[in-house]
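One file, model.tsv, is given below (TSV, N, CA and C atoms).
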chain	number	residue	atom	x	y	z
A	1	MET	N	124.36	76.27	26.59
A	1	MET	CA	125.80	76.26	26.46
A	1	MET	C	126.34	77.67	26.28
A	2	ARG	N	125.63	78.50	25.52
A	2	ARG	CA	126.10	79.86	25.25
A	2	ARG	C	126.20	80.71	26.51
A	3	PRO	N	125.23	80.71	27.43
A	3	PRO	CA	125.40	81.51	28.64
A	3	PRO	C	126.62	81.10	29.46
A	4	GLN	N	126.95	79.82	29.45
A	4	GLN	CA	128.14	79.37	30.17
A	4	GLN	C	129.40	79.93	29.53
A	5	ILE	N	129.45	79.93	28.21
A	5	ILE	CA	130.62	80.45	27.51
A	5	ILE	C	130.77	81.95	27.79
A	6	VAL	N	129.66	82.67	27.77
A	6	VAL	CA	129.72	84.11	28.02
A	6	VAL	C	130.19	84.39	29.44
A	7	SER	N	129.68	83.66	30.41
A	7	SER	CA	130.09	83.91	31.80
A	7	SER	C	131.55	83.50	32.02
A	8	ILE	N	131.97	82.40	31.43
A	8	ILE	CA	133.37	81.98	31.57
A	8	ILE	C	134.29	82.98	30.88
A	9	LEU	N	133.93	83.43	29.70
A	9	LEU	CA	134.74	84.40	28.98
A	9	LEU	C	134.84	85.72	29.75
A	10	THR	N	133.73	86.15	30.34
A	10	THR	CA	133.75	87.37	31.16
A	10	THR	C	134.68	87.22	32.34
A	11	PHE	N	134.62	86.09	33.03
A	11	PHE	CA	135.50	85.86	34.17
A	11	PHE	C	136.96	85.85	33.74
A	12	VAL	N	137.27	85.17	32.65
A	12	VAL	CA	138.66	85.08	32.19
A	12	VAL	C	139.19	86.46	31.79
A	13	LEU	N	138.39	87.25	31.08
A	13	LEU	CA	138.84	88.57	30.68
A	13	LEU	C	139.05	89.49	31.88
A	14	CYS	N	138.16	89.42	32.87
A	14	CYS	CA	138.35	90.23	34.08
A	14	CYS	C	139.59	89.78	34.83
A	15	PHE	N	139.82	88.49	34.90
A	15	PHE	CA	141.00	87.98	35.60
A	15	PHE	C	142.27	88.40	34.88
A	16	LEU	N	142.27	88.30	33.56
A	16	LEU	CA	143.46	88.67	32.80
A	16	LEU	C	143.73	90.17	32.85
A	17	ALA	N	142.69	90.98	33.01
A	17	ALA	CA	142.89	92.42	33.11
A	17	ALA	C	143.37	92.81	34.49
A	18	ALA	N	143.04	92.03	35.52
A	18	ALA	CA	143.41	92.38	36.89
A	18	ALA	C	144.82	91.94	37.25
A	19	VAL	N	145.30	90.88	36.65
A	19	VAL	CA	146.62	90.35	37.00
A	19	VAL	C	147.74	91.36	36.73
A	20	PRO	N	147.79	92.04	35.58
A	20	PRO	CA	148.87	93.02	35.39
A	20	PRO	C	148.82	94.17	36.39
A	21	MET	N	147.64	94.53	36.86
A	21	MET	CA	147.54	95.60	37.85
A	21	MET	C	148.18	95.19	39.16
A	22	LEU	N	148.05	93.94	39.53
A	22	LEU	CA	148.63	93.47	40.78
A	22	LEU	C	150.13	93.25	40.64
A	23	ALA	N	150.61	93.03	39.44
A	23	ALA	CA	152.01	92.72	39.23
A	23	ALA	C	152.89	93.95	39.15
A	24	GLN	N	152.31	95.14	39.02
A	24	GLN	CA	153.12	96.34	38.90
A	24	GLN	C	153.74	96.70	40.24
A	25	GLY	N	155.02	96.97	40.22
A	25	GLY	CA	155.72	97.36	41.43
A	25	GLY	C	155.52	98.83	41.72
A	26	PRO	N	155.83	99.25	42.92
A	26	PRO	CA	155.71	100.67	43.25
A	26	PRO	C	156.73	101.48	42.48
A	27	SER	N	156.34	102.68	42.10
A	27	SER	CA	157.27	103.53	41.36
A	27	SER	C	158.28	104.15	42.31
A	28	ALA	N	159.32	104.72	41.75
A	28	ALA	CA	160.39	105.30	42.56
A	28	ALA	C	159.91	106.52	43.32
A	29	SER	N	158.90	107.20	42.81
A	29	SER	CA	158.43	108.42	43.47
A	29	SER	C	157.28	108.15	44.43
A	30	SER	N	156.99	106.90	44.73
A	30	SER	CA	155.90	106.64	45.65
A	30	SER	C	156.36	106.91	47.07
A	31	GLY	N	155.44	107.21	47.92
A	31	GLY	CA	155.75	107.54	49.30
A	31	GLY	C	155.13	108.87	49.66
A	32	PRO	N	155.36	109.33	50.85
A	32	PRO	CA	154.74	110.59	51.26
A	32	PRO	C	155.37	111.78	50.53
A	33	PRO	N	154.63	112.86	50.35
A	33	PRO	CA	155.20	114.03	49.68
A	33	PRO	C	156.24	114.71	50.57
A	34	ALA	N	157.08	115.48	49.94
A	34	ALA	CA	158.11	116.20	50.68
A	34	ALA	C	157.47	117.23	51.60
A	35	PRO	N	158.09	117.54	52.73
A	35	PRO	CA	157.52	118.53	53.65
A	35	PRO	C	157.42	119.90	52.98
A	36	GLY	N	156.37	120.60	53.30
A	36	GLY	CA	156.19	121.94	52.75
A	36	GLY	C	155.41	121.97	51.46
A	37	ARG	N	155.24	120.84	50.82
A	37	ARG	CA	154.45	120.80	49.59
A	37	ARG	C	153.01	120.48	49.95
A	38	GLY	N	152.12	121.30	49.48
A	38	GLY	CA	150.70	121.08	49.72
A	38	GLY	C	150.16	120.03	48.77
A	39	PRO	N	148.88	119.78	48.86
A	39	PRO	CA	148.29	118.81	47.94
A	39	PRO	C	148.38	119.32	46.50
A	40	THR	N	148.68	118.44	45.61
A	40	THR	CA	148.83	118.82	44.20
A	40	THR	C	147.47	118.93	43.55
A	41	LEU	N	147.40	119.76	42.54
A	41	LEU	CA	146.17	119.91	41.79
A	41	LEU	C	145.99	118.71	40.87
A	42	PRO	N	144.75	118.42	40.50
A	42	PRO	CA	144.56	117.30	39.57
A	42	PRO	C	145.22	117.61	38.23
A	43	GLU	N	145.74	116.59	37.61
A	43	GLU	CA	146.47	116.79	36.37
A	43	GLU	C	145.56	116.93	35.15
A	44	LEU	N	144.33	116.46	35.24
A	44	LEU	CA	143.41	116.56	34.12
A	44	LEU	C	142.33	117.58	34.44
A	45	PRO	N	142.14	118.59	33.60
A	45	PRO	CA	141.08	119.57	33.85
A	45	PRO	C	139.72	118.98	33.46
A	46	LEU	N	139.00	118.48	34.43
A	46	LEU	CA	137.74	117.81	34.15
A	46	LEU	C	136.61	118.79	33.88
A	47	ASP	N	136.72	120.03	34.35
A	47	ASP	CA	135.61	120.96	34.21
A	47	ASP	C	135.75	121.89	33.01
A	48	THR	N	136.66	121.63	32.12
A	48	THR	CA	136.87	122.52	30.99
A	48	THR	C	135.67	122.52	30.04
A	49	ASN	N	135.26	121.38	29.57
A	49	ASN	CA	134.16	121.29	28.61
A	49	ASN	C	132.98	120.52	29.18
A	50	ILE	N	132.73	120.65	30.47
A	50	ILE	CA	131.65	119.89	31.10
A	50	ILE	C	130.28	120.34	30.59
A	51	VAL	N	130.14	121.61	30.23
A	51	VAL	CA	128.86	122.10	29.73
A	51	VAL	C	128.53	121.43	28.40
A	52	ILE	N	129.51	121.32	27.53
A	52	ILE	CA	129.30	120.67	26.24
A	52	ILE	C	128.94	119.20	26.44
A	53	LEU	N	129.63	118.54	27.35
A	53	LEU	CA	129.33	117.15	27.65
A	53	LEU	C	127.93	116.98	28.22
A	54	PHE	N	127.52	117.88	29.09
A	54	PHE	CA	126.18	117.84	29.68
A	54	PHE	C	125.11	118.04	28.61
A	55	ILE	N	125.31	119.01	27.72
A	55	ILE	CA	124.34	119.26	26.65
A	55	ILE	C	124.27	118.06	25.70
A	56	ALA	N	125.41	117.46	25.38
A	56	ALA	CA	125.41	116.27	24.52
A	56	ALA	C	124.66	115.13	25.20
A	57	GLY	N	124.82	114.98	26.50
A	57	GLY	CA	124.09	113.95	27.24
A	57	GLY	C	122.59	114.20	27.23
A	58	LEU	N	122.18	115.45	27.39
A	58	LEU	CA	120.76	115.78	27.33
A	58	LEU	C	120.17	115.50	25.95
A	59	ILE	N	120.90	115.86	24.92
A	59	ILE	CA	120.42	115.61	23.56
A	59	ILE	C	120.30	114.11	23.31
A	60	TYR	N	121.30	113.35	23.72
A	60	TYR	CA	121.25	111.90	23.53
A	60	TYR	C	120.11	111.28	24.35
A	61	GLY	N	119.92	111.74	25.57
A	61	GLY	CA	118.82	111.24	26.40
A	61	GLY	C	117.47	111.55	25.78
A	62	ALA	N	117.30	112.75	25.23
A	62	ALA	CA	116.05	113.11	24.56
A	62	ALA	C	115.83	112.24	23.33
A	63	TYR	N	116.90	111.96	22.59
A	63	TYR	CA	116.80	111.10	21.41
A	63	TYR	C	116.35	109.70	21.78
A	64	VAL	N	116.95	109.13	22.83
A	64	VAL	CA	116.59	107.78	23.26
A	64	VAL	C	115.15	107.75	23.77
A	65	ALA	N	114.74	108.77	24.53
A	65	ALA	CA	113.37	108.82	25.04
A	65	ALA	C	112.38	108.96	23.89
A	66	TYR	N	112.68	109.80	22.90
A	66	TYR	CA	111.79	109.97	21.75
A	66	TYR	C	111.69	108.68	20.94
A	67	LYS	N	112.81	108.01	20.77
A	67	LYS	CA	112.81	106.76	20.02
A	67	LYS	C	111.97	105.70	20.73
A	68	LYS	N	112.09	105.62	22.04
A	68	LYS	CA	111.30	104.66	22.80
A	68	LYS	C	109.82	105.04	22.77
A	69	TYR	N	109.52	106.33	22.83
A	69	TYR	CA	108.13	106.79	22.77
A	69	TYR	C	107.50	106.44	21.43
A	70	ARG	N	108.24	106.59	20.34
A	70	ARG	CA	107.71	106.28	19.02
A	70	ARG	C	107.45	104.80	18.84
A	71	THR	N	108.30	103.94	19.41
A	71	THR	CA	108.11	102.50	19.22
A	71	THR	C	106.97	101.96	20.07
A	72	THR	N	106.68	102.59	21.21
A	72	THR	CA	105.62	102.07	22.08
A	72	THR	C	104.26	102.67	21.79
A	73	ASN	N	104.19	103.82	21.15
A	73	ASN	CA	102.92	104.50	20.92
A	73	ASN	C	102.60	104.64	19.44
A	74	ILE	N	102.76	103.58	18.69
A	74	ILE	CA	102.43	103.61	17.27
A	74	ILE	C	100.93	103.34	17.14
A	75	PRO	N	100.16	104.28	16.51
A	75	PRO	CA	98.72	104.04	16.34
A	75	PRO	C	98.46	102.92	15.34
A	76	GLN	N	97.43	102.15	15.63
A	76	GLN	CA	97.12	101.02	14.74
A	76	GLN	C	95.80	101.21	14.08
Please re-express this file's structure in structure tokens.
Amino acid sequence: MRPQIVSILTFVLCFLAAVPMLAQGPSASSGPPAPGRGPTLPELPLDTNIVILFIAGLIYGAYVAYKKYRTTNIPQ
């Protein structure tokens, strides 16, 4: 019974999250850009702290690998 509840709940939550996205109307500024304007730059600077994020990911990956290594190779 529990797997059915989980799958039904997942479907309902995905459906409820998708309906508002479909219901949004186009904004007033939608349409092609004005002539003479080039492509706009991205609004979020994604590469500002990418090095810190990469190092944090490496540290977390090493932690998970070490934790898994310790649990599988315990001497008896």
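Distance-wise, atom N of Ile55 in chain A and atom N of Arg70 in chain A end up 22.4 Å apart.
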Take every atom of range 47-65 of chain A listed in the file, fit an axis-aligned box around them, add 3 Å per side, and give the centre and edge lengths in Å to one decimal as lines of an AutoDock Vina configuration file.
center_x = 124.6
center_y = 115.1
center_z = 27.9
size_x = 30.5
size_y = 20.8
size_z = 18.9
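If you look at CA of Val64 in chain A and CA of Thr48 in chain A, they are 26.2 Å away from each other.
Going from atom C of Asn49 in chain A to atom C of Ala62 in chain A covers 19.9 Å.
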